[in-house]
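Okay, query-v6.txt is below, compact mmCIF, N, CA and C atoms:
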# COMPACT_ATOMS: atom_id res chain seq x y z
N MET A 1371 25.19 13.83 46.45
CA MET A 1371 24.36 12.66 46.33
C MET A 1371 22.93 13.04 46.00
N LYS A 1372 22.43 14.13 46.61
CA LYS A 1372 21.08 14.58 46.31
C LYS A 1372 20.96 14.94 44.84
N ARG A 1373 22.00 15.56 44.31
CA ARG A 1373 21.98 15.96 42.91
C ARG A 1373 21.89 14.75 42.00
N SER A 1374 22.64 13.71 42.23
CA SER A 1374 22.60 12.54 41.37
C SER A 1374 21.27 11.79 41.50
N LYS A 1375 20.70 11.79 42.71
CA LYS A 1375 19.39 11.16 42.89
C LYS A 1375 18.32 11.96 42.15
N ALA A 1376 18.39 13.28 42.25
CA ALA A 1376 17.43 14.14 41.54
C ALA A 1376 17.58 13.99 40.03
N ALA A 1377 18.83 13.91 39.58
CA ALA A 1377 19.06 13.73 38.14
C ALA A 1377 18.53 12.38 37.68
N SER A 1378 18.71 11.37 38.50
CA SER A 1378 18.20 10.04 38.17
C SER A 1378 16.68 10.03 38.08
N ILE A 1379 16.03 10.67 39.05
CA ILE A 1379 14.56 10.76 39.03
C ILE A 1379 14.10 11.54 37.81
N ALA A 1380 14.76 12.64 37.53
CA ALA A 1380 14.39 13.46 36.37
C ALA A 1380 14.53 12.67 35.07
N SER A 1381 15.62 11.91 34.96
CA SER A 1381 15.80 11.14 33.73
C SER A 1381 14.73 10.06 33.59
N HIS A 1382 14.32 9.46 34.72
CA HIS A 1382 13.25 8.46 34.67
C HIS A 1382 11.92 9.09 34.27
N VAL A 1383 11.66 10.29 34.76
CA VAL A 1383 10.43 11.00 34.39
C VAL A 1383 10.43 11.32 32.90
N VAL A 1384 11.56 11.80 32.41
CA VAL A 1384 11.67 12.11 30.97
C VAL A 1384 11.46 10.86 30.13
N LEU A 1385 12.09 9.77 30.52
CA LEU A 1385 11.93 8.52 29.78
C LEU A 1385 10.48 8.03 29.82
N ALA A 1386 9.84 8.18 30.96
CA ALA A 1386 8.44 7.77 31.08
C ALA A 1386 7.56 8.61 30.17
N LEU A 1387 7.81 9.92 30.12
CA LEU A 1387 7.02 10.80 29.26
C LEU A 1387 7.24 10.48 27.79
N ILE A 1388 8.48 10.20 27.43
CA ILE A 1388 8.77 9.80 26.05
C ILE A 1388 8.03 8.51 25.72
N GLY A 1389 8.05 7.57 26.64
CA GLY A 1389 7.33 6.30 26.43
C GLY A 1389 5.84 6.51 26.29
N LEU A 1390 5.28 7.40 27.09
CA LEU A 1390 3.83 7.67 27.01
C LEU A 1390 3.47 8.33 25.69
N SER A 1391 4.30 9.29 25.25
CA SER A 1391 3.98 9.96 23.99
C SER A 1391 4.14 9.00 22.82
N GLY A 1392 5.09 8.06 22.91
CA GLY A 1392 5.27 7.09 21.83
C GLY A 1392 4.16 6.08 21.76
N SER A 1393 3.51 5.79 22.90
CA SER A 1393 2.46 4.77 22.90
C SER A 1393 1.20 5.25 22.21
N ALA A 1394 1.01 6.53 22.08
CA ALA A 1394 -0.18 7.06 21.40
C ALA A 1394 0.13 7.36 19.94
N SER A 1395 1.02 6.62 19.37
CA SER A 1395 1.45 6.87 18.00
C SER A 1395 0.59 6.13 17.00
N ALA A 1396 1.16 5.82 15.87
CA ALA A 1396 0.44 5.17 14.77
C ALA A 1396 -0.17 3.84 15.18
N ALA A 1397 0.41 3.17 16.16
CA ALA A 1397 -0.11 1.86 16.57
C ALA A 1397 -1.51 1.96 17.16
N ASP A 1398 -1.87 3.12 17.70
CA ASP A 1398 -3.18 3.28 18.30
C ASP A 1398 -4.25 3.70 17.30
N ARG A 1399 -3.84 4.12 16.13
CA ARG A 1399 -4.81 4.54 15.11
C ARG A 1399 -5.19 3.34 14.26
N PRO A 1400 -6.44 3.30 13.80
CA PRO A 1400 -6.82 2.18 12.94
C PRO A 1400 -6.07 2.25 11.61
N LEU A 1401 -5.67 1.10 11.12
CA LEU A 1401 -4.94 1.01 9.85
C LEU A 1401 -5.94 0.83 8.71
N THR A 1402 -5.78 1.61 7.67
CA THR A 1402 -6.61 1.49 6.48
C THR A 1402 -5.83 0.74 5.42
N VAL A 1403 -6.40 -0.35 4.91
CA VAL A 1403 -5.76 -1.15 3.86
C VAL A 1403 -6.31 -0.69 2.51
N VAL A 1404 -5.42 -0.24 1.64
CA VAL A 1404 -5.79 0.22 0.30
C VAL A 1404 -5.12 -0.69 -0.71
N GLU A 1405 -5.95 -1.39 -1.51
CA GLU A 1405 -5.43 -2.29 -2.54
C GLU A 1405 -5.70 -1.67 -3.90
N LEU A 1406 -4.66 -1.50 -4.69
CA LEU A 1406 -4.80 -0.99 -6.05
C LEU A 1406 -4.64 -2.14 -7.03
N PHE A 1407 -5.65 -2.31 -7.89
CA PHE A 1407 -5.56 -3.29 -8.97
C PHE A 1407 -5.25 -2.50 -10.23
N THR A 1408 -4.12 -2.83 -10.84
CA THR A 1408 -3.54 -2.02 -11.90
C THR A 1408 -3.00 -2.90 -13.01
N SER A 1409 -2.58 -2.27 -14.10
CA SER A 1409 -1.98 -3.00 -15.21
C SER A 1409 -1.11 -2.04 -16.03
N GLN A 1410 -0.01 -2.55 -16.54
CA GLN A 1410 0.85 -1.73 -17.39
C GLN A 1410 0.14 -1.33 -18.69
N GLY A 1411 -0.84 -2.10 -19.10
CA GLY A 1411 -1.57 -1.80 -20.33
C GLY A 1411 -2.73 -0.84 -20.13
N CYS A 1412 -2.90 -0.31 -18.96
CA CYS A 1412 -4.01 0.58 -18.61
C CYS A 1412 -3.52 2.02 -18.64
N SER A 1413 -4.11 2.83 -19.51
CA SER A 1413 -3.65 4.22 -19.64
C SER A 1413 -4.05 5.10 -18.45
N SER A 1414 -5.03 4.69 -17.67
CA SER A 1414 -5.46 5.46 -16.49
C SER A 1414 -4.70 5.06 -15.23
N CYS A 1415 -3.86 4.05 -15.32
CA CYS A 1415 -3.20 3.51 -14.13
C CYS A 1415 -2.01 4.32 -13.61
N PRO A 1416 -1.21 4.99 -14.44
CA PRO A 1416 -0.10 5.76 -13.87
C PRO A 1416 -0.54 6.80 -12.83
N PRO A 1417 -1.62 7.57 -13.06
CA PRO A 1417 -2.06 8.48 -12.00
C PRO A 1417 -2.52 7.73 -10.74
N ALA A 1418 -3.12 6.56 -10.92
CA ALA A 1418 -3.54 5.75 -9.77
C ALA A 1418 -2.33 5.25 -8.99
N ASN A 1419 -1.29 4.85 -9.70
CA ASN A 1419 -0.05 4.42 -9.04
C ASN A 1419 0.53 5.58 -8.22
N ALA A 1420 0.51 6.79 -8.80
CA ALA A 1420 1.01 7.98 -8.09
C ALA A 1420 0.17 8.25 -6.84
N ASN A 1421 -1.14 8.06 -6.95
CA ASN A 1421 -2.02 8.26 -5.80
C ASN A 1421 -1.74 7.24 -4.70
N LEU A 1422 -1.48 6.00 -5.10
CA LEU A 1422 -1.16 4.97 -4.11
C LEU A 1422 0.14 5.32 -3.39
N ILE A 1423 1.09 5.84 -4.11
CA ILE A 1423 2.35 6.25 -3.49
C ILE A 1423 2.09 7.36 -2.47
N LYS A 1424 1.24 8.33 -2.83
CA LYS A 1424 0.89 9.40 -1.87
C LYS A 1424 0.23 8.82 -0.63
N LEU A 1425 -0.72 7.92 -0.84
CA LEU A 1425 -1.41 7.31 0.29
C LEU A 1425 -0.47 6.48 1.15
N SER A 1426 0.52 5.84 0.52
CA SER A 1426 1.45 4.97 1.25
C SER A 1426 2.34 5.75 2.22
N LYS A 1427 2.45 7.03 2.04
CA LYS A 1427 3.28 7.85 2.92
C LYS A 1427 2.59 8.14 4.25
N ARG A 1428 1.31 7.82 4.34
CA ARG A 1428 0.57 8.03 5.59
C ARG A 1428 0.85 6.90 6.57
N ASP A 1429 0.96 7.22 7.83
CA ASP A 1429 1.22 6.21 8.86
C ASP A 1429 0.04 5.27 9.07
N ASP A 1430 -1.16 5.73 8.72
CA ASP A 1430 -2.36 4.94 8.98
C ASP A 1430 -2.86 4.19 7.75
N VAL A 1431 -2.01 4.05 6.73
CA VAL A 1431 -2.40 3.37 5.49
C VAL A 1431 -1.40 2.26 5.17
N LEU A 1432 -1.93 1.09 4.86
CA LEU A 1432 -1.13 -0.01 4.30
C LEU A 1432 -1.52 -0.09 2.83
N ALA A 1433 -0.60 0.30 1.96
CA ALA A 1433 -0.86 0.37 0.52
C ALA A 1433 -0.32 -0.88 -0.17
N LEU A 1434 -1.19 -1.54 -0.95
CA LEU A 1434 -0.82 -2.75 -1.69
C LEU A 1434 -1.15 -2.55 -3.16
N SER A 1435 -0.31 -3.05 -4.03
CA SER A 1435 -0.55 -2.94 -5.47
C SER A 1435 -0.53 -4.33 -6.08
N PHE A 1436 -1.55 -4.62 -6.91
CA PHE A 1436 -1.67 -5.91 -7.56
C PHE A 1436 -1.86 -5.70 -9.06
N ALA A 1437 -0.93 -6.22 -9.85
CA ALA A 1437 -1.01 -6.11 -11.31
C ALA A 1437 -1.82 -7.29 -11.84
N VAL A 1438 -2.90 -6.98 -12.54
CA VAL A 1438 -3.82 -7.99 -13.06
C VAL A 1438 -3.44 -8.39 -14.49
N THR A 1439 -4.04 -9.47 -14.96
CA THR A 1439 -3.65 -10.02 -16.27
C THR A 1439 -4.72 -9.89 -17.36
N TYR A 1440 -5.91 -9.41 -17.03
CA TYR A 1440 -6.98 -9.47 -18.03
C TYR A 1440 -6.82 -8.51 -19.19
N TRP A 1441 -5.85 -7.60 -19.14
CA TRP A 1441 -5.58 -6.75 -20.30
C TRP A 1441 -4.47 -7.32 -21.19
N ASP A 1442 -3.85 -8.40 -20.77
CA ASP A 1442 -2.72 -8.97 -21.52
C ASP A 1442 -3.09 -9.35 -22.95
N TYR A 1443 -4.35 -9.70 -23.19
CA TYR A 1443 -4.78 -10.13 -24.54
C TYR A 1443 -4.66 -9.00 -25.56
N LEU A 1444 -4.53 -7.76 -25.10
CA LEU A 1444 -4.42 -6.63 -26.02
C LEU A 1444 -3.04 -6.53 -26.66
N GLY A 1445 -2.11 -7.38 -26.23
CA GLY A 1445 -0.79 -7.40 -26.85
C GLY A 1445 0.32 -6.83 -26.00
N TRP A 1446 -0.02 -6.17 -24.89
CA TRP A 1446 1.00 -5.65 -24.00
C TRP A 1446 0.91 -6.42 -22.69
N LYS A 1447 1.68 -7.50 -22.62
CA LYS A 1447 1.64 -8.36 -21.45
C LYS A 1447 2.28 -7.64 -20.27
N ASP A 1448 1.54 -7.55 -19.17
CA ASP A 1448 2.04 -6.90 -17.95
C ASP A 1448 3.11 -7.79 -17.33
N SER A 1449 4.32 -7.28 -17.22
CA SER A 1449 5.42 -8.09 -16.68
C SER A 1449 5.29 -8.35 -15.18
N PHE A 1450 4.41 -7.60 -14.49
CA PHE A 1450 4.17 -7.83 -13.07
C PHE A 1450 2.86 -8.56 -12.81
N GLY A 1451 2.06 -8.74 -13.86
CA GLY A 1451 0.74 -9.35 -13.71
C GLY A 1451 0.80 -10.80 -13.28
N LYS A 1452 -0.13 -11.15 -12.40
CA LYS A 1452 -0.24 -12.54 -11.95
C LYS A 1452 -1.71 -12.91 -11.92
N ARG A 1453 -1.98 -14.14 -12.31
CA ARG A 1453 -3.35 -14.63 -12.34
C ARG A 1453 -3.99 -14.56 -10.94
N GLU A 1454 -3.21 -14.85 -9.89
CA GLU A 1454 -3.77 -14.83 -8.54
C GLU A 1454 -4.19 -13.41 -8.13
N PHE A 1455 -3.55 -12.37 -8.69
CA PHE A 1455 -3.98 -11.00 -8.42
C PHE A 1455 -5.31 -10.72 -9.11
N THR A 1456 -5.45 -11.22 -10.34
CA THR A 1456 -6.72 -11.09 -11.06
C THR A 1456 -7.82 -11.81 -10.30
N ASP A 1457 -7.53 -13.00 -9.81
CA ASP A 1457 -8.51 -13.77 -9.03
C ASP A 1457 -8.86 -13.05 -7.73
N ARG A 1458 -7.88 -12.44 -7.11
CA ARG A 1458 -8.13 -11.70 -5.86
C ARG A 1458 -9.12 -10.57 -6.11
N GLN A 1459 -8.93 -9.85 -7.21
CA GLN A 1459 -9.84 -8.75 -7.54
C GLN A 1459 -11.24 -9.28 -7.80
N ALA A 1460 -11.34 -10.39 -8.50
CA ALA A 1460 -12.64 -10.96 -8.83
C ALA A 1460 -13.42 -11.39 -7.58
N VAL A 1461 -12.72 -11.79 -6.54
CA VAL A 1461 -13.39 -12.19 -5.29
C VAL A 1461 -14.16 -11.02 -4.69
N TYR A 1462 -13.70 -9.81 -4.90
CA TYR A 1462 -14.38 -8.63 -4.36
C TYR A 1462 -15.69 -8.29 -5.08
N GLU A 1463 -15.84 -8.71 -6.34
CA GLU A 1463 -16.98 -8.28 -7.15
C GLU A 1463 -18.34 -8.47 -6.48
N PRO A 1464 -18.70 -9.68 -6.00
CA PRO A 1464 -20.03 -9.84 -5.41
C PRO A 1464 -20.22 -8.98 -4.15
N ALA A 1465 -19.21 -8.94 -3.30
CA ALA A 1465 -19.32 -8.19 -2.06
C ALA A 1465 -19.47 -6.68 -2.30
N LEU A 1466 -18.87 -6.20 -3.37
CA LEU A 1466 -18.93 -4.77 -3.69
C LEU A 1466 -20.06 -4.43 -4.66
N GLY A 1467 -20.85 -5.44 -5.04
CA GLY A 1467 -21.97 -5.20 -5.95
C GLY A 1467 -21.54 -4.86 -7.36
N GLN A 1468 -20.43 -5.41 -7.80
CA GLN A 1468 -19.90 -5.14 -9.15
C GLN A 1468 -20.23 -6.29 -10.08
N SER A 1469 -20.35 -5.96 -11.34
CA SER A 1469 -20.59 -7.00 -12.34
C SER A 1469 -19.32 -7.36 -13.11
N GLY A 1470 -18.21 -6.72 -12.78
CA GLY A 1470 -16.95 -7.00 -13.46
C GLY A 1470 -15.81 -6.23 -12.83
N SER A 1471 -14.61 -6.59 -13.22
CA SER A 1471 -13.40 -5.93 -12.71
C SER A 1471 -13.00 -4.80 -13.63
N TYR A 1472 -12.24 -3.86 -13.10
CA TYR A 1472 -11.73 -2.76 -13.91
C TYR A 1472 -10.43 -2.26 -13.31
N THR A 1473 -9.68 -1.54 -14.10
CA THR A 1473 -8.47 -0.87 -13.62
C THR A 1473 -8.58 0.61 -13.98
N PRO A 1474 -8.02 1.45 -13.18
CA PRO A 1474 -7.42 1.21 -11.88
C PRO A 1474 -8.51 1.19 -10.79
N GLN A 1475 -8.57 0.12 -10.05
CA GLN A 1475 -9.54 0.00 -8.97
C GLN A 1475 -8.81 -0.02 -7.64
N MET A 1476 -9.30 0.78 -6.71
CA MET A 1476 -8.81 0.72 -5.34
C MET A 1476 -9.92 0.14 -4.48
N VAL A 1477 -9.55 -0.82 -3.66
CA VAL A 1477 -10.47 -1.40 -2.69
C VAL A 1477 -9.95 -0.98 -1.32
N VAL A 1478 -10.82 -0.35 -0.54
CA VAL A 1478 -10.43 0.18 0.76
C VAL A 1478 -11.06 -0.68 1.85
N ASN A 1479 -10.18 -1.27 2.65
CA ASN A 1479 -10.61 -2.13 3.76
C ASN A 1479 -11.55 -3.25 3.32
N GLY A 1480 -11.48 -3.65 2.07
CA GLY A 1480 -12.29 -4.75 1.57
C GLY A 1480 -13.77 -4.44 1.48
N ARG A 1481 -14.17 -3.19 1.73
CA ARG A 1481 -15.59 -2.85 1.77
C ARG A 1481 -16.02 -1.78 0.80
N THR A 1482 -15.09 -0.99 0.33
CA THR A 1482 -15.42 0.15 -0.52
C THR A 1482 -14.53 0.12 -1.75
N THR A 1483 -15.09 0.50 -2.88
CA THR A 1483 -14.29 0.55 -4.11
C THR A 1483 -14.33 1.96 -4.69
N THR A 1484 -13.20 2.37 -5.25
CA THR A 1484 -13.10 3.67 -5.89
C THR A 1484 -12.25 3.54 -7.14
N VAL A 1485 -12.36 4.53 -8.00
CA VAL A 1485 -11.49 4.59 -9.18
C VAL A 1485 -10.15 5.12 -8.70
N GLY A 1486 -9.09 4.39 -8.96
CA GLY A 1486 -7.79 4.68 -8.38
C GLY A 1486 -7.16 5.99 -8.78
N ASN A 1487 -7.57 6.56 -9.91
CA ASN A 1487 -6.92 7.80 -10.34
C ASN A 1487 -7.61 9.04 -9.78
N ASN A 1488 -8.58 8.88 -8.86
CA ASN A 1488 -9.26 10.00 -8.24
C ASN A 1488 -8.88 10.03 -6.76
N LEU A 1489 -7.86 10.82 -6.41
CA LEU A 1489 -7.33 10.81 -5.05
C LEU A 1489 -8.37 11.26 -4.02
N ALA A 1490 -9.15 12.28 -4.32
CA ALA A 1490 -10.16 12.75 -3.36
C ALA A 1490 -11.16 11.65 -3.07
N GLU A 1491 -11.58 10.92 -4.10
CA GLU A 1491 -12.52 9.82 -3.91
C GLU A 1491 -11.88 8.70 -3.08
N ASN A 1492 -10.59 8.44 -3.33
CA ASN A 1492 -9.89 7.39 -2.58
C ASN A 1492 -9.80 7.74 -1.10
N GLN A 1493 -9.48 8.99 -0.83
CA GLN A 1493 -9.39 9.41 0.57
C GLN A 1493 -10.77 9.41 1.21
N ALA A 1494 -11.79 9.80 0.48
CA ALA A 1494 -13.15 9.80 1.02
C ALA A 1494 -13.61 8.40 1.36
N ALA A 1495 -13.14 7.41 0.64
CA ALA A 1495 -13.54 6.02 0.88
C ALA A 1495 -13.12 5.55 2.26
N ARG A 1496 -12.12 6.19 2.84
CA ARG A 1496 -11.70 5.84 4.20
C ARG A 1496 -12.77 6.20 5.22
N PHE A 1497 -13.74 7.03 4.83
CA PHE A 1497 -14.74 7.49 5.77
C PHE A 1497 -16.10 6.84 5.49
N THR A 1498 -16.09 5.59 5.08
CA THR A 1498 -17.34 4.89 4.84
C THR A 1498 -18.16 4.90 6.11
N GLY A 1499 -19.46 5.01 5.93
CA GLY A 1499 -20.33 5.12 7.09
C GLY A 1499 -20.68 6.57 7.38
N LYS A 1500 -19.95 7.50 6.81
CA LYS A 1500 -20.29 8.91 6.94
C LYS A 1500 -21.05 9.34 5.69
N SER A 1501 -21.83 10.35 5.83
CA SER A 1501 -22.60 10.85 4.69
C SER A 1501 -21.67 11.55 3.71
N ALA A 1502 -22.13 11.71 2.50
CA ALA A 1502 -21.35 12.43 1.48
C ALA A 1502 -21.06 13.85 1.94
N ASP A 1503 -22.03 14.49 2.62
CA ASP A 1503 -21.81 15.85 3.13
C ASP A 1503 -20.68 15.88 4.15
N GLN A 1504 -20.64 14.89 5.05
CA GLN A 1504 -19.57 14.84 6.05
C GLN A 1504 -18.22 14.64 5.37
N ILE A 1505 -18.18 13.78 4.38
CA ILE A 1505 -16.93 13.53 3.65
C ILE A 1505 -16.49 14.81 2.95
N GLU A 1506 -17.42 15.47 2.26
CA GLU A 1506 -17.09 16.69 1.53
C GLU A 1506 -16.58 17.78 2.48
N ARG A 1507 -17.23 17.95 3.64
CA ARG A 1507 -16.79 18.95 4.61
C ARG A 1507 -15.38 18.62 5.10
N HIS A 1508 -15.12 17.34 5.34
CA HIS A 1508 -13.79 16.93 5.81
C HIS A 1508 -12.73 17.30 4.79
N PHE A 1509 -12.96 16.97 3.52
CA PHE A 1509 -11.92 17.21 2.52
C PHE A 1509 -11.84 18.66 2.11
N SER A 1510 -12.92 19.42 2.26
CA SER A 1510 -12.84 20.85 2.01
C SER A 1510 -11.92 21.50 3.03
N ALA A 1511 -11.95 20.98 4.25
CA ALA A 1511 -11.14 21.54 5.33
C ALA A 1511 -9.66 21.20 5.17
N VAL A 1512 -9.34 20.09 4.51
CA VAL A 1512 -7.94 19.67 4.42
C VAL A 1512 -7.32 19.92 3.04
N LYS A 1513 -8.06 20.51 2.13
CA LYS A 1513 -7.49 20.78 0.80
C LYS A 1513 -6.29 21.69 0.92
N GLU A 1514 -5.31 21.43 0.09
CA GLU A 1514 -4.07 22.22 0.15
C GLU A 1514 -4.23 23.53 -0.58
What does the file become when written as structure tokens?
Amino acid sequence: MKRSKAASIASHVVLALIGLSGSASAADRPLTVVELFTSQGCSSCPPANANLIKLSKRDDVLALSFAVTYWDYLGWKDSFGKREFTDRQAVYEPALGQSGSYTPQMVVNGRTTTVGNNLAENQAARFTGKSADQIERHFSAVKE
């Protein structure tokens, strides 16, 4: 009987430890929202799409892709483009101090904009509020 009681206590301790380690997981880290505004008619967009895929593999990133329509007049209509995505991008212009939209554009947490095909710049945008030197030191340390 002592053995089964000890085993029961041990199993409860193990379960409690597993629960504690699980509680400090991705849910406790702040989530970074990365929005990519892209278009099939944009020659710089495929690398940006690849970068968004890389970012989407992170537990602390919510990656969203929006195909815009303002390049459709060039003759290659984006089959995923929607006017509401174009309008969504335009809403960011005043807040980000922009005079126009462009592709590939990544908007990070609605506060920072970067060119989507530059992965280092996209990752650095997650550290807004830090100096350029702090960002550079961080990414120098994590370069592969």
Next item on the list: Would you please work out which residue, of A:Ser1435, A:Gln1468, A:Ser1413, A:Asn1479, is nearest to Phe1455 of chain A when using only N, CA and C atoms?
Entry: A:Ser1435
Next item on the list: Pick out the closest residue to Val1404 of chain A from this set: A:Gly1451, A:Gly1445, A:Pro1464, A:Gly1480. Count all atoms listed in the file.
Entry: A:Gly1480
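Using all atoms listed in the file, the nearest neighbour of Ser1449 of chain A within the list A:Gln1410, A:Val1485, A:Asp1429, A:Leu1466 is A:Gln1410.
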Margin query: When you look at Pro1417 of chain A with a cut-off of 12 Å (counting only C-alpha atoms), what residues show up, excluding the ones that are within fewer than 5 positions of it in the same chain? I need them as a ChimeraX atom specification.
Written below: /A:1406,1408-1410,1412,1422-1424,1473-1475,1485-1489
Got time to write the residues from that selection, N, CA and C atoms, as a compact mmCIF listing (two decimals), in the coordinates of the input?
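Done, and the output landed in selection15.txt:
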# COMPACT_ATOMS: atom_id res chain seq x y z
N LEU A 1406 -4.66 -1.50 -4.69
CA LEU A 1406 -4.80 -0.99 -6.05
C LEU A 1406 -4.64 -2.14 -7.03
N THR A 1408 -4.12 -2.83 -10.84
CA THR A 1408 -3.54 -2.02 -11.90
C THR A 1408 -3.00 -2.90 -13.01
N SER A 1409 -2.58 -2.27 -14.10
CA SER A 1409 -1.98 -3.00 -15.21
C SER A 1409 -1.11 -2.04 -16.03
N GLN A 1410 -0.01 -2.55 -16.54
CA GLN A 1410 0.85 -1.73 -17.39
C GLN A 1410 0.14 -1.33 -18.69
N CYS A 1412 -2.90 -0.31 -18.96
CA CYS A 1412 -4.01 0.58 -18.61
C CYS A 1412 -3.52 2.02 -18.64
N LEU A 1422 -1.48 6.00 -5.10
CA LEU A 1422 -1.16 4.97 -4.11
C LEU A 1422 0.14 5.32 -3.39
N ILE A 1423 1.09 5.84 -4.11
CA ILE A 1423 2.35 6.25 -3.49
C ILE A 1423 2.09 7.36 -2.47
N LYS A 1424 1.24 8.33 -2.83
CA LYS A 1424 0.89 9.40 -1.87
C LYS A 1424 0.23 8.82 -0.63
N THR A 1473 -9.68 -1.54 -14.10
CA THR A 1473 -8.47 -0.87 -13.62
C THR A 1473 -8.58 0.61 -13.98
N PRO A 1474 -8.02 1.45 -13.18
CA PRO A 1474 -7.42 1.21 -11.88
C PRO A 1474 -8.51 1.19 -10.79
N GLN A 1475 -8.57 0.12 -10.05
CA GLN A 1475 -9.54 0.00 -8.97
C GLN A 1475 -8.81 -0.02 -7.64
N VAL A 1485 -12.36 4.53 -8.00
CA VAL A 1485 -11.49 4.59 -9.18
C VAL A 1485 -10.15 5.12 -8.70
N GLY A 1486 -9.09 4.39 -8.96
CA GLY A 1486 -7.79 4.68 -8.38
C GLY A 1486 -7.16 5.99 -8.78
N ASN A 1487 -7.57 6.56 -9.91
CA ASN A 1487 -6.92 7.80 -10.34
C ASN A 1487 -7.61 9.04 -9.78
N ASN A 1488 -8.58 8.88 -8.86
CA ASN A 1488 -9.26 10.00 -8.24
C ASN A 1488 -8.88 10.03 -6.76
N LEU A 1489 -7.86 10.82 -6.41
CA LEU A 1489 -7.33 10.81 -5.05
C LEU A 1489 -8.37 11.26 -4.02
Item checked: Atom pair atom CA of Ala1465 of chain A / atom CA of Val1478 of chain A: separation (Å) -> 12.5 Å
Notebook entry, point to check: atom N of Pro1400 of chain A and atom N of Pro1416 of chain A, how far apart in Å?
Noted result: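 One can read the atom N of Pro1416 of chain A to atom N of Pro1400 of chain A distance as 28.8 Å.
If you measure from each of A:Thr1402, A:Thr1456, A:Thr1483, A:Ser1426 to Thr1439 of chain A using only N, CA and C atoms, the closest one turns out to be A:Thr1456.
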Notebook entry, point to check: Which residue, A:Asp1448, A:Arg1453, A:Gln1459, A:Phe1407, has the smallest gap to Phe1436 of chain A when you use only N, CA and C atoms?
Noted result: A:Phe1407
Checklist line | For atom CA of Asp1442 of chain A and atom CA of Gly1467 of chain A, the interatomic separation in Å (one decimal) | finding: 25.0 Å
Note to self: Considering only C-alpha atoms, can you say which of A:Cys1415, A:Val1477, A:Val1403, A:Ala1460 comes closest to Arg1428 of chain A?
What the structure shows: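 For Arg1428 of chain A, the nearest of the candidates is A:Val1403.
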Checklist line | Per-residue DSSP, segment 1402-1484 of chain A, filtered to strand (DSSP E), as a ChimeraX atom specification | finding: /A:1402-1408,1431-1437,1475-1478,1482-1484
Check: Would you give me, as a PyMOL selection string, the residues in segment 1380-1488 of chain A that DSSP reads as helix (DSSP H, G or I)?
Finding: chain A and resi 1380-1393+1396-1398+1415-1426+1442-1444+1453-1466
Segment 1451-1461 of chain A from the block above: N, CA, C and O atoms written as a PDB file, in the first residue's frame:
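Everything below was put into part20.pdb:
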ATOM      1  N   GLY A1451      -5.826  38.718 -55.191  1.00  0.00           N
ATOM      2  CA  GLY A1451      -5.986  40.113 -54.793  1.00  0.00           C
ATOM      3  C   GLY A1451      -7.424  40.474 -54.457  1.00  0.00           C
ATOM      4  O   GLY A1451      -8.365  40.014 -55.103  1.00  0.00           O
ATOM      5  N   LYS A1452      -7.553  41.290 -53.425  1.00  0.00           N
ATOM      6  CA  LYS A1452      -8.875  41.783 -53.027  1.00  0.00           C
ATOM      7  C   LYS A1452      -8.753  43.264 -52.714  1.00  0.00           C
ATOM      8  O   LYS A1452      -7.779  43.706 -52.102  1.00  0.00           O
ATOM      9  N   ARG A1453      -9.769  44.002 -53.103  1.00  0.00           N
ATOM     10  CA  ARG A1453      -9.789  45.443 -52.862  1.00  0.00           C
ATOM     11  C   ARG A1453      -9.681  45.758 -51.361  1.00  0.00           C
ATOM     12  O   ARG A1453      -9.005  46.705 -50.964  1.00  0.00           O
ATOM     13  N   GLU A1454     -10.330  44.941 -50.515  1.00  0.00           N
ATOM     14  CA  GLU A1454     -10.280  45.208 -49.079  1.00  0.00           C
ATOM     15  C   GLU A1454      -8.864  45.036 -48.519  1.00  0.00           C
ATOM     16  O   GLU A1454      -8.505  45.686 -47.541  1.00  0.00           O
ATOM     17  N   PHE A1455      -8.030  44.200 -49.150  1.00  0.00           N
ATOM     18  CA  PHE A1455      -6.632  44.079 -48.721  1.00  0.00           C
ATOM     19  C   PHE A1455      -5.859  45.339 -49.101  1.00  0.00           C
ATOM     20  O   PHE A1455      -5.022  45.822 -48.339  1.00  0.00           O
ATOM     21  N   THR A1456      -6.143  45.858 -50.299  1.00  0.00           N
ATOM     22  CA  THR A1456      -5.520  47.111 -50.737  1.00  0.00           C
ATOM     23  C   THR A1456      -5.929  48.237 -49.796  1.00  0.00           C
ATOM     24  O   THR A1456      -5.087  49.048 -49.381  1.00  0.00           O
ATOM     25  N   ASP A1457      -7.204  48.282 -49.440  1.00  0.00           N
ATOM     26  CA  ASP A1457      -7.698  49.307 -48.515  1.00  0.00           C
ATOM     27  C   ASP A1457      -7.063  49.157 -47.135  1.00  0.00           C
ATOM     28  O   ASP A1457      -6.731  50.147 -46.492  1.00  0.00           O
ATOM     29  N   ARG A1458      -6.884  47.929 -46.697  1.00  0.00           N
ATOM     30  CA  ARG A1458      -6.250  47.681 -45.393  1.00  0.00           C
ATOM     31  C   ARG A1458      -4.838  48.257 -45.374  1.00  0.00           C
ATOM     32  O   ARG A1458      -4.432  48.899 -44.405  1.00  0.00           O
ATOM     33  N   GLN A1459      -4.092  48.039 -46.445  1.00  0.00           N
ATOM     34  CA  GLN A1459      -2.727  48.565 -46.522  1.00  0.00           C
ATOM     35  C   GLN A1459      -2.739  50.085 -46.514  1.00  0.00           C
ATOM     36  O   GLN A1459      -1.927  50.719 -45.848  1.00  0.00           O
ATOM     37  N   ALA A1460      -3.670  50.672 -47.232  1.00  0.00           N
ATOM     38  CA  ALA A1460      -3.751  52.136 -47.312  1.00  0.00           C
ATOM     39  C   ALA A1460      -4.046  52.768 -45.953  1.00  0.00           C
ATOM     40  O   ALA A1460      -3.582  53.887 -45.680  1.00  0.00           O
ATOM     41  N   VAL A1461      -4.767  52.077 -45.100  1.00  0.00           N
ATOM     42  CA  VAL A1461      -5.080  52.602 -43.761  1.00  0.00           C
ATOM     43  C   VAL A1461      -3.800  52.811 -42.953  1.00  0.00           C
ATOM     44  O   VAL A1461      -3.724  53.723 -42.130  1.00  0.00           O
TER      45      VAL A1461
END
